[in-house]
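Asks: Input file: target_37.cif. Contents: mmCIF, C-alpha atoms.
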data_input
#
loop_
_atom_site.group_PDB
_atom_site.id
_atom_site.type_symbol
_atom_site.label_atom_id
_atom_site.label_comp_id
_atom_site.auth_asym_id
_atom_site.auth_seq_id
_atom_site.Cartn_x
_atom_site.Cartn_y
_atom_site.Cartn_z
ATOM 1 C CA VAL A 1420 0.000 0.000 0.000
ATOM 2 C CA PRO A 1421 1.472 3.402 -0.925
ATOM 3 C CA VAL A 1422 2.368 5.544 2.072
ATOM 4 C CA ARG A 1423 0.120 8.439 1.024
ATOM 5 C CA LEU A 1424 -2.840 6.124 0.566
ATOM 6 C CA ALA A 1425 -2.203 4.543 3.961
ATOM 7 C CA TRP A 1426 -2.142 7.979 5.598
ATOM 8 C CA ALA A 1427 -5.339 9.033 3.843
ATOM 9 C CA VAL A 1428 -7.209 5.857 4.727
ATOM 10 C CA GLY A 1429 -5.925 5.938 8.304
ATOM 11 C CA ILE A 1430 -7.001 9.531 8.856
ATOM 12 C CA ALA A 1431 -10.398 8.813 7.289
ATOM 13 C CA PHE A 1432 -10.964 5.844 9.604
ATOM 14 C CA VAL A 1433 -9.916 7.845 12.667
ATOM 15 C CA LEU A 1434 -12.418 10.560 11.787
ATOM 16 C CA LEU A 1435 -15.163 8.115 10.888
ATOM 17 C CA ALA A 1436 -14.881 5.942 14.003
ATOM 18 C CA PRO A 1437 -16.471 8.412 16.488
ATOM 19 C CA ALA A 1438 -19.022 9.468 13.860
ATOM 20 C CA ILE A 1439 -20.124 5.882 13.266
ATOM 21 C CA ALA A 1440 -20.197 5.256 17.018
ATOM 22 C CA ALA A 1441 -22.544 8.246 17.352
ATOM 23 C CA LEU A 1442 -25.106 6.335 15.284
ATOM 24 C CA SER A 1443 -25.775 4.297 18.416
ATOM 25 C CA GLY A 1444 -27.862 7.240 19.534
ATOM 26 C CA GLY A 1445 -25.928 7.926 22.717
ATOM 27 C CA TRP A 1446 -22.926 9.965 23.728
ATOM 28 C CA ARG A 1447 -21.053 7.298 25.674
ATOM 29 C CA LEU A 1448 -19.894 5.112 22.792
ATOM 30 C CA PRO A 1449 -18.366 7.996 20.751
ATOM 31 C CA LEU A 1450 -16.605 9.160 23.917
ATOM 32 C CA VAL A 1451 -15.204 5.673 24.556
ATOM 33 C CA VAL A 1452 -14.024 5.413 20.944
ATOM 34 C CA ALA A 1453 -12.332 8.806 21.216
ATOM 35 C CA GLY A 1454 -10.650 7.688 24.438
ATOM 36 C CA TYR A 1455 -9.456 4.491 22.788
ATOM 37 C CA LEU A 1456 -7.983 6.430 19.867
ATOM 38 C CA SER A 1457 -6.227 8.791 22.277
ATOM 39 C CA LEU A 1458 -4.724 5.896 24.228
ATOM 40 C CA THR A 1459 -3.533 4.070 21.103
ATOM 41 C CA PHE A 1460 -1.889 7.218 19.723
ATOM 42 C CA SER A 1461 -0.250 7.895 23.094
ATOM 43 C CA TYR A 1462 1.031 4.329 23.193
ATOM 44 C CA THR A 1463 2.358 4.437 19.627
ATOM 45 C CA TYR A 1464 4.315 7.654 20.063
ATOM 46 C CA TYR A 1465 5.314 7.644 23.740
ATOM 47 C CA LEU A 1466 3.932 5.095 26.204
ATOM 48 C CA LYS A 1467 5.409 2.045 24.493
ATOM 49 C CA HIS A 1468 8.865 3.345 25.439
ATOM 50 C CA GLN A 1469 8.025 3.600 29.165
ATOM 51 C CA GLU A 1470 8.586 0.442 31.180
ATOM 52 C CA VAL A 1471 5.646 -0.773 33.294
ATOM 53 C CA VAL A 1472 3.428 1.956 31.844
ATOM 54 C CA ASP A 1473 3.475 0.187 28.484
ATOM 55 C CA LEU A 1474 2.012 -2.951 30.072
ATOM 56 C CA VAL A 1475 -0.827 -0.993 31.618
ATOM 57 C CA ALA A 1476 -1.446 0.950 28.407
ATOM 58 C CA VAL A 1477 -1.839 -2.179 26.279
ATOM 59 C CA ALA A 1478 -4.045 -3.777 28.929
ATOM 60 C CA GLY A 1479 -6.063 -0.569 28.986
ATOM 61 C CA CYS A 1480 -6.713 -0.870 25.258
ATOM 62 C CA HIS A 1481 -8.188 -4.330 25.832
ATOM 63 C CA VAL A 1482 -10.366 -3.010 28.650
ATOM 64 C CA ILE A 1483 -11.673 -0.112 26.581
ATOM 65 C CA ARG A 1484 -12.589 -2.444 23.717
ATOM 66 C CA ALA A 1485 -14.535 -4.696 26.101
ATOM 67 C CA PHE A 1486 -16.171 -1.639 27.663
ATOM 68 C CA ALA A 1487 -17.142 -0.330 24.233
ATOM 69 C CA GLY A 1488 -18.691 -3.665 23.317
ATOM 70 C CA ALA A 1489 -20.783 -3.668 26.477
ATOM 71 C CA ILE A 1490 -21.987 -0.140 25.783
ATOM 72 C CA ALA A 1491 -22.740 -0.931 22.131
ATOM 73 C CA VAL A 1492 -25.080 -3.793 23.076
ATOM 74 C CA GLN A 1493 -26.408 -1.891 26.106
ATOM 75 C CA VAL A 1494 -25.205 -4.336 28.739
ATOM 76 C CA PRO A 1495 -24.714 -2.826 32.210
ATOM 77 C CA VAL A 1496 -21.037 -2.458 33.063
ATOM 78 C CA THR A 1497 -20.312 -3.373 36.672
ATOM 79 C CA SER A 1498 -17.212 -2.829 38.736
ATOM 80 C CA TRP A 1499 -16.760 -6.623 38.859
ATOM 81 C CA PHE A 1500 -16.633 -6.734 35.069
ATOM 82 C CA LEU A 1501 -14.076 -3.954 34.867
ATOM 83 C CA VAL A 1502 -11.805 -5.454 37.534
ATOM 84 C CA VAL A 1503 -11.819 -8.963 36.032
ATOM 85 C CA ILE A 1504 -11.286 -7.653 32.494
ATOM 86 C CA SER A 1505 -8.488 -5.342 33.660
ATOM 87 C CA LEU A 1506 -6.649 -8.091 35.515
ATOM 88 C CA GLY A 1507 -7.176 -10.572 32.687
ATOM 89 C CA SER A 1508 -5.824 -8.083 30.180
ATOM 90 C CA LEU A 1509 -2.763 -7.438 32.337
ATOM 91 C CA GLN A 1510 -2.156 -11.192 32.603
ATOM 92 C CA LEU A 1511 -2.327 -11.597 28.821
ATOM 93 C CA VAL A 1512 -0.045 -8.628 28.152
ATOM 94 C CA ALA A 1513 2.533 -9.703 30.733
ATOM 95 C CA GLY A 1514 2.469 -13.236 29.325
ATOM 96 C CA LYS A 1515 2.943 -11.941 25.800
ATOM 97 C CA ARG A 1516 5.902 -9.767 26.791
ATOM 98 C CA GLU A 1517 7.414 -12.577 28.836
ATOM 99 C CA THR A 1518 7.232 -14.976 25.890
ATOM 100 C CA GLU A 1519 8.745 -12.361 23.571
ATOM 101 C CA LEU A 1520 11.571 -11.692 26.008
ATOM 102 C CA ARG A 1521 12.357 -15.380 26.534
ATOM 103 C CA ALA A 1522 12.434 -15.865 22.756
ATOM 104 C CA ALA A 1523 14.792 -12.902 22.373
ATOM 105 C CA LEU A 1524 17.103 -14.170 25.114
ATOM 106 C CA GLY A 1525 17.118 -17.611 23.564
ATOM 107 C CA ASN A 1526 18.087 -16.679 20.023
ATOM 108 C CA GLU A 1527 21.683 -16.344 18.926
ATOM 109 C CA THR A 1528 21.649 -12.599 18.289
ATOM 110 C CA GLY A 1529 19.724 -11.692 21.401
ATOM 111 C CA ASN A 1530 17.773 -9.063 19.469
ATOM 112 C CA ALA A 1531 14.316 -8.327 20.871
ATOM 113 C CA THR A 1532 11.316 -7.537 18.736
ATOM 114 C CA ARG A 1533 10.566 -4.546 20.996
ATOM 115 C CA ALA A 1534 13.124 -2.159 22.447
ATOM 116 C CA ILE A 1535 11.179 -1.905 25.708
ATOM 117 C CA LEU A 1536 11.857 -5.590 26.424
ATOM 118 C CA ALA A 1537 15.394 -4.660 27.451
ATOM 119 C CA ALA A 1538 13.905 -2.967 30.527
ATOM 120 C CA TYR A 1539 12.335 -6.193 31.815
ATOM 121 C CA THR A 1540 13.438 -9.542 33.152
ATOM 122 C CA PRO A 1541 11.540 -12.814 32.695
ATOM 123 C CA GLY A 1542 11.141 -13.087 36.463
ATOM 124 C CA TYR A 1543 9.536 -9.658 36.740
ATOM 125 C CA LEU A 1544 7.050 -10.316 33.935
ATOM 126 C CA ALA A 1545 6.230 -13.737 35.377
ATOM 127 C CA GLY A 1546 5.588 -12.055 38.724
ATOM 128 C CA VAL A 1547 3.232 -9.532 37.146
ATOM 129 C CA ARG A 1548 1.434 -12.339 35.343
ATOM 130 C CA MET A 1549 0.992 -14.394 38.506
ATOM 131 C CA MET A 1550 -0.110 -11.368 40.537
ATOM 132 C CA ALA A 1551 -2.778 -10.521 37.955
ATOM 133 C CA SER A 1552 -3.864 -14.159 37.757
ATOM 134 C CA GLY A 1553 -4.287 -14.526 41.498
ATOM 135 C CA ALA A 1554 -6.141 -11.245 41.931
ATOM 136 C CA MET A 1555 -8.425 -12.064 38.994
ATOM 137 C CA ILE A 1556 -9.338 -15.481 40.388
ATOM 138 C CA VAL A 1557 -10.152 -13.988 43.789
ATOM 139 C CA THR A 1558 -12.281 -11.257 42.202
ATOM 140 C CA TYR A 1559 -14.186 -13.732 40.046
ATOM 141 C CA CYS A 1560 -14.829 -15.988 43.035
ATOM 142 C CA LEU A 1561 -16.181 -13.079 45.069
ATOM 143 C CA TRP A 1562 -18.494 -12.117 42.198
ATOM 144 C CA ALA A 1563 -19.733 -15.655 41.628
ATOM 145 C CA LEU A 1564 -20.288 -16.437 45.306
ATOM 146 C CA ASN A 1565 -21.591 -13.129 46.652
ATOM 147 C CA GLU A 1566 -23.501 -11.531 43.796
ATOM 148 C CA HIS A 1567 -25.656 -14.462 42.666
ATOM 149 C CA SER A 1568 -27.922 -17.132 44.086
ATOM 150 C CA GLY A 1569 -28.098 -20.688 42.821
ATOM 151 C CA PRO A 1570 -25.340 -23.151 41.990
ATOM 152 C CA PHE A 1571 -24.497 -22.230 38.404
ATOM 153 C CA TYR A 1572 -22.313 -19.179 38.972
ATOM 154 C CA PRO A 1573 -20.203 -20.891 41.660
ATOM 155 C CA ILE A 1574 -19.832 -23.902 39.346
ATOM 156 C CA SER A 1575 -18.343 -21.588 36.708
ATOM 157 C CA ILE A 1576 -15.408 -20.904 39.048
ATOM 158 C CA VAL A 1577 -13.838 -24.281 38.206
ATOM 159 C CA PRO A 1578 -13.513 -23.800 34.418
ATOM 160 C CA PHE A 1579 -12.543 -20.157 34.963
ATOM 161 C CA VAL A 1580 -9.604 -21.219 37.123
ATOM 162 C CA LEU A 1581 -8.693 -23.901 34.576
ATOM 163 C CA ILE A 1582 -8.527 -21.267 31.819
ATOM 164 C CA VAL A 1583 -6.204 -19.108 33.907
ATOM 165 C CA LEU A 1584 -3.981 -22.039 34.858
ATOM 166 C CA ARG A 1585 -3.846 -23.283 31.276
ATOM 167 C CA HIS A 1586 -2.729 -19.885 30.005
ATOM 168 C CA ASN A 1587 0.019 -19.685 32.623
ATOM 169 C CA LEU A 1588 1.221 -23.162 31.669
ATOM 170 C CA LEU A 1589 1.362 -22.260 27.980
ATOM 171 C CA VAL A 1590 3.291 -19.071 28.712
ATOM 172 C CA ASP A 1591 5.817 -21.044 30.766
ATOM 173 C CA ARG A 1592 6.186 -23.351 27.775
ATOM 174 C CA GLY A 1593 6.983 -20.344 25.605
ATOM 175 C CA VAL A 1594 3.828 -20.323 23.466
ATOM 176 C CA GLY A 1595 1.989 -17.326 24.879
ATOM 177 C CA GLU A 1596 3.212 -14.692 22.427
ATOM 178 C CA GLU A 1597 -0.105 -14.606 20.535
ATOM 179 C CA PRO A 1598 -3.011 -15.080 22.998
ATOM 180 C CA GLU A 1599 -5.593 -15.007 20.214
ATOM 181 C CA GLU A 1600 -3.856 -17.947 18.563
ATOM 182 C CA LEU A 1601 -4.118 -19.920 21.784
ATOM 183 C CA ALA A 1602 -7.882 -19.349 21.893
ATOM 184 C CA LEU A 1603 -8.238 -20.528 18.292
ATOM 185 C CA ARG A 1604 -5.911 -23.536 18.370
ATOM 186 C CA ASP A 1605 -5.504 -24.829 21.909
ATOM 187 C CA ARG A 1606 -8.129 -27.529 22.427
ATOM 188 C CA PRO A 1607 -8.014 -27.608 26.259
ATOM 189 C CA THR A 1608 -8.528 -23.837 26.354
ATOM 190 C CA GLN A 1609 -11.512 -24.142 24.016
ATOM 191 C CA LEU A 1610 -12.975 -26.905 26.172
ATOM 192 C CA PHE A 1611 -12.536 -24.880 29.358
ATOM 193 C CA VAL A 1612 -14.181 -21.833 27.734
ATOM 194 C CA ALA A 1613 -17.165 -23.970 26.689
ATOM 195 C CA LEU A 1614 -17.433 -25.352 30.225
ATOM 196 C CA LEU A 1615 -17.322 -21.783 31.559
ATOM 197 C CA LEU A 1616 -20.020 -20.493 29.209
ATOM 198 C CA LEU A 1617 -22.436 -23.348 29.886
ATOM 199 C CA PRO A 1618 -23.222 -22.642 33.580
ATOM 200 C CA LEU A 1619 -23.101 -18.887 32.951
ATOM 201 C CA LEU A 1620 -25.690 -19.114 30.176
ATOM 202 C CA ILE A 1621 -27.873 -21.368 32.318
ATOM 203 C CA GLY A 1622 -27.558 -18.966 35.217
ATOM 204 C CA ILE A 1623 -28.426 -15.956 33.056
ATOM 205 C CA TYR A 1624 -31.292 -17.316 30.982
ATOM 206 C CA LEU A 1625 -32.806 -20.222 32.903
ATOM 207 C CA THR A 1626 -32.770 -19.077 36.514
#
Take the structure in the file and give it back as C-alpha cells.
Replies:
Amino acid sequence: VPVRLAWAVGIAFVLLAPAIAALSGGWRLPLVVAGYLSLTFSYTYYLKHQEVVDLVAVAGCHVIRAFAGAIAVQVPVTSWFLVVISLGSLQLVAGKRETELRAALGNETGNATRAILAAYTPGYLAGVRMMASGAMIVTYCLWALNEHSGPFYPISIVPFVLIVLRHNLLVDRGVGEEPEELALRDRPTQLFVALLLLPLLIGIYLT
C-alpha cells in the first residue's frame, strides 16, 4: 500500500470511528471510541517506550474495547466486570511480553522484537502475570459467590480457574506470544471456555 494512501485511509478511519459510534444514539460510545484512539496514539508515540506503563497501556486498550462492546449492546457495566477484564488483560499482556523476552534471550543474536523488552526480566514479567492471575481469580470468586444465588455461577469458578492455569502453563512453555492464537488452536482452552459459558448461560437465561 502506498504511504500516502495509507495515511489518507488511516485519517479517514480515525475521523469516521467516532461518527459511526454516534449512530448508536448515545454519547457514551463515541466518547469511549475517542478515548481508545487517544490511548492508542499515546502508546504508539510515547507510552510504548516507558517500562511498566506500556504494560498498563496495552491492557487498557483491551479493557476499553470490552467496555465499548458492552456499551454498544447496552449491557450494564459493573465494577466486577471492569476489575476482572483489567486483571485478565494485564495477565495476557505480561504473558505476551514474557514470551517475547524469553524468545529474544534464547536466540543467537539476542535481538528483541521490541526495544522496551530490554527494561524487563523474565522473572519480573512472570511475577506480574501471577499477581494478575491470582487477583483475577479472587475477584471472580467473590463475584460468583456473593452476587448471585443458585449453583451455576459458583460452578463456573472451576472452568474459569482452569482457563487461567492453562494460560500460565502455555506461557511457561513459551507459546503465549499470541493469545488469540491460543484461543483458536488450543483444544483444552476451548474446552474450558465452553465449560465456563455453559453454567453462565444457564444462570443468566434459565434461573
Asks: Do you know which residues the PyMOL selection byres ((chain A and resi 1558) around 12) returns on this file, as a short mmCIF file (atom, residue, chain, number, x, y, z; two decimals) with C-alpha atoms, in the coordinates of the input?
Replies:
data_model
loop_
_atom_site.label_atom_id
_atom_site.label_comp_id
_atom_site.auth_asym_id
_atom_site.auth_seq_id
_atom_site.Cartn_x
_atom_site.Cartn_y
_atom_site.Cartn_z
CA SER A 1498 -17.21 -2.83 38.74
CA TRP A 1499 -16.76 -6.62 38.86
CA PHE A 1500 -16.63 -6.73 35.07
CA LEU A 1501 -14.08 -3.95 34.87
CA VAL A 1502 -11.80 -5.45 37.53
CA VAL A 1503 -11.82 -8.96 36.03
CA ILE A 1504 -11.29 -7.65 32.49
CA SER A 1505 -8.49 -5.34 33.66
CA LEU A 1506 -6.65 -8.09 35.52
CA GLY A 1507 -7.18 -10.57 32.69
CA ALA A 1551 -2.78 -10.52 37.96
CA SER A 1552 -3.86 -14.16 37.76
CA GLY A 1553 -4.29 -14.53 41.50
CA ALA A 1554 -6.14 -11.24 41.93
CA MET A 1555 -8.43 -12.06 38.99
CA ILE A 1556 -9.34 -15.48 40.39
CA VAL A 1557 -10.15 -13.99 43.79
CA TYR A 1559 -14.19 -13.73 40.05
CA CYS A 1560 -14.83 -15.99 43.04
CA LEU A 1561 -16.18 -13.08 45.07
CA TRP A 1562 -18.49 -12.12 42.20
CA ALA A 1563 -19.73 -15.66 41.63
CA LEU A 1564 -20.29 -16.44 45.31
CA ASN A 1565 -21.59 -13.13 46.65
CA GLU A 1566 -23.50 -11.53 43.80
CA ILE A 1576 -15.41 -20.90 39.05
CA PHE A 1579 -12.54 -20.16 34.96
CA VAL A 1580 -9.60 -21.22 37.12
#
Asks: So, counting only C-alpha atoms, which residue among A:Ala1522, A:Leu1617, A:Ile1535, A:Val1482 is closest to A:Leu1466?
Replies: A:Ile1535
Asks: Choose the residue, out of A:Leu1614, A:Val1451, A:Val1471, A:Leu1584, that has the smallest atom-to-atom separation from A:Ala1489; count all atoms listed in the file.
Replies: A:Val1451
Asks: Give me, as a CSV table (one decimal) with C-alpha atoms, in the frame of the given file, all polymer residues having an atom no more than 8 Å from A:Cys1480, counting all atoms listed in the file and skipping those fewer than 4 positions away in the same chain.
Replies:
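As written to disk, out15.csv reads:
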chain,number,residue,atom,x,y,z
A,1455,TYR,CA,-9.5,4.5,22.8
A,1458,LEU,CA,-4.7,5.9,24.2
A,1459,THR,CA,-3.5,4.1,21.1
A,1476,ALA,CA,-1.4,1.0,28.4
A,1484,ARG,CA,-12.6,-2.4,23.7
Asks: Would you mind telling me which residue in A:Pro1449, A:Pro1541, A:Gly1429, A:Pro1578 lies nearest to A:Ala1513 when using only C-alpha atoms?
Replies: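 Of all the options, A:Pro1541 lies closest to A:Ala1513.
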Asks: Between atom CA of A:Leu1603 and atom CA of A:Val1496, what is the distance, to one decimal in Å?
Replies: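 Atom-to-atom, atom CA of A:Leu1603 and atom CA of A:Val1496 are spaced 26.6 Å apart.
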Asks: Which one of A:Leu1581, A:Val1422, A:Asp1591, A:Ala1523 sits closest to A:Gly1542 if you count only C-alpha atoms?
Replies: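 Closest to A:Gly1542 of all the choices is A:Asp1591.
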Asks: Write out as an mmCIF file with C-alpha atoms, in the frame of the given file which residues come within 10 Å of A:Glu1597 when counting all atoms listed in the file, dropping same-chain ones fewer than 5 positions away.
Replies:
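Output file out14.cif is given in full below:
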data_model
loop_
_atom_site.group_PDB
_atom_site.id
_atom_site.type_symbol
_atom_site.label_atom_id
_atom_site.label_comp_id
_atom_site.auth_asym_id
_atom_site.auth_seq_id
_atom_site.Cartn_x
_atom_site.Cartn_y
_atom_site.Cartn_z
ATOM 1 C CA LEU A 1511 -2.327 -11.597 28.821
ATOM 2 C CA VAL A 1512 -0.045 -8.628 28.152
ATOM 3 C CA GLY A 1514 2.469 -13.236 29.325
ATOM 4 C CA LYS A 1515 2.943 -11.941 25.800
ATOM 5 C CA ARG A 1516 5.902 -9.767 26.791
ATOM 6 C CA THR A 1518 7.232 -14.976 25.890
ATOM 7 C CA GLU A 1519 8.745 -12.361 23.571
ATOM 8 C CA VAL A 1590 3.291 -19.071 28.712
ATOM 9 C CA ALA A 1602 -7.882 -19.349 21.893
#
Asks: Would you work out the distance separating atom CA of A:Met1549 from atom CA of A:Ile1582, expressed in Å to one decimal?
Replies: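 Spanning atom CA of A:Met1549 to atom CA of A:Ile1582 is a straight-line distance of 13.5 Å.
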Asks: In Å, rounded to a single decimal, give me how far atom CA of A:Leu1520 is from atom CA of A:Gly1593.
Replies: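 Distance reported for this atom pair: 9.8 Å.
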Asks: Using the structure block above, produce a file of stretch 1438-1476 of chain A that contains C-alpha atoms, as a short mmCIF file (atom, residue, chain, number, x, y, z; two decimals), in the first residue's frame.
Replies:
data_model
loop_
_atom_site.label_atom_id
_atom_site.label_comp_id
_atom_site.auth_asym_id
_atom_site.auth_seq_id
_atom_site.Cartn_x
_atom_site.Cartn_y
_atom_site.Cartn_z
CA ALA A 1438 -19.02 9.47 13.86
CA ILE A 1439 -20.12 5.88 13.27
CA ALA A 1440 -20.20 5.26 17.02
CA ALA A 1441 -22.54 8.25 17.35
CA LEU A 1442 -25.11 6.33 15.28
CA SER A 1443 -25.78 4.30 18.42
CA GLY A 1444 -27.86 7.24 19.53
CA GLY A 1445 -25.93 7.93 22.72
CA TRP A 1446 -22.93 9.96 23.73
CA ARG A 1447 -21.05 7.30 25.67
CA LEU A 1448 -19.89 5.11 22.79
CA PRO A 1449 -18.37 8.00 20.75
CA LEU A 1450 -16.60 9.16 23.92
CA VAL A 1451 -15.20 5.67 24.56
CA VAL A 1452 -14.02 5.41 20.94
CA ALA A 1453 -12.33 8.81 21.22
CA GLY A 1454 -10.65 7.69 24.44
CA TYR A 1455 -9.46 4.49 22.79
CA LEU A 1456 -7.98 6.43 19.87
CA SER A 1457 -6.23 8.79 22.28
CA LEU A 1458 -4.72 5.90 24.23
CA THR A 1459 -3.53 4.07 21.10
CA PHE A 1460 -1.89 7.22 19.72
CA SER A 1461 -0.25 7.89 23.09
CA TYR A 1462 1.03 4.33 23.19
CA THR A 1463 2.36 4.44 19.63
CA TYR A 1464 4.32 7.65 20.06
CA TYR A 1465 5.31 7.64 23.74
CA LEU A 1466 3.93 5.10 26.20
CA LYS A 1467 5.41 2.05 24.49
CA HIS A 1468 8.87 3.34 25.44
CA GLN A 1469 8.02 3.60 29.16
CA GLU A 1470 8.59 0.44 31.18
CA VAL A 1471 5.65 -0.77 33.29
CA VAL A 1472 3.43 1.96 31.84
CA ASP A 1473 3.47 0.19 28.48
CA LEU A 1474 2.01 -2.95 30.07
CA VAL A 1475 -0.83 -0.99 31.62
CA ALA A 1476 -1.45 0.95 28.41
#
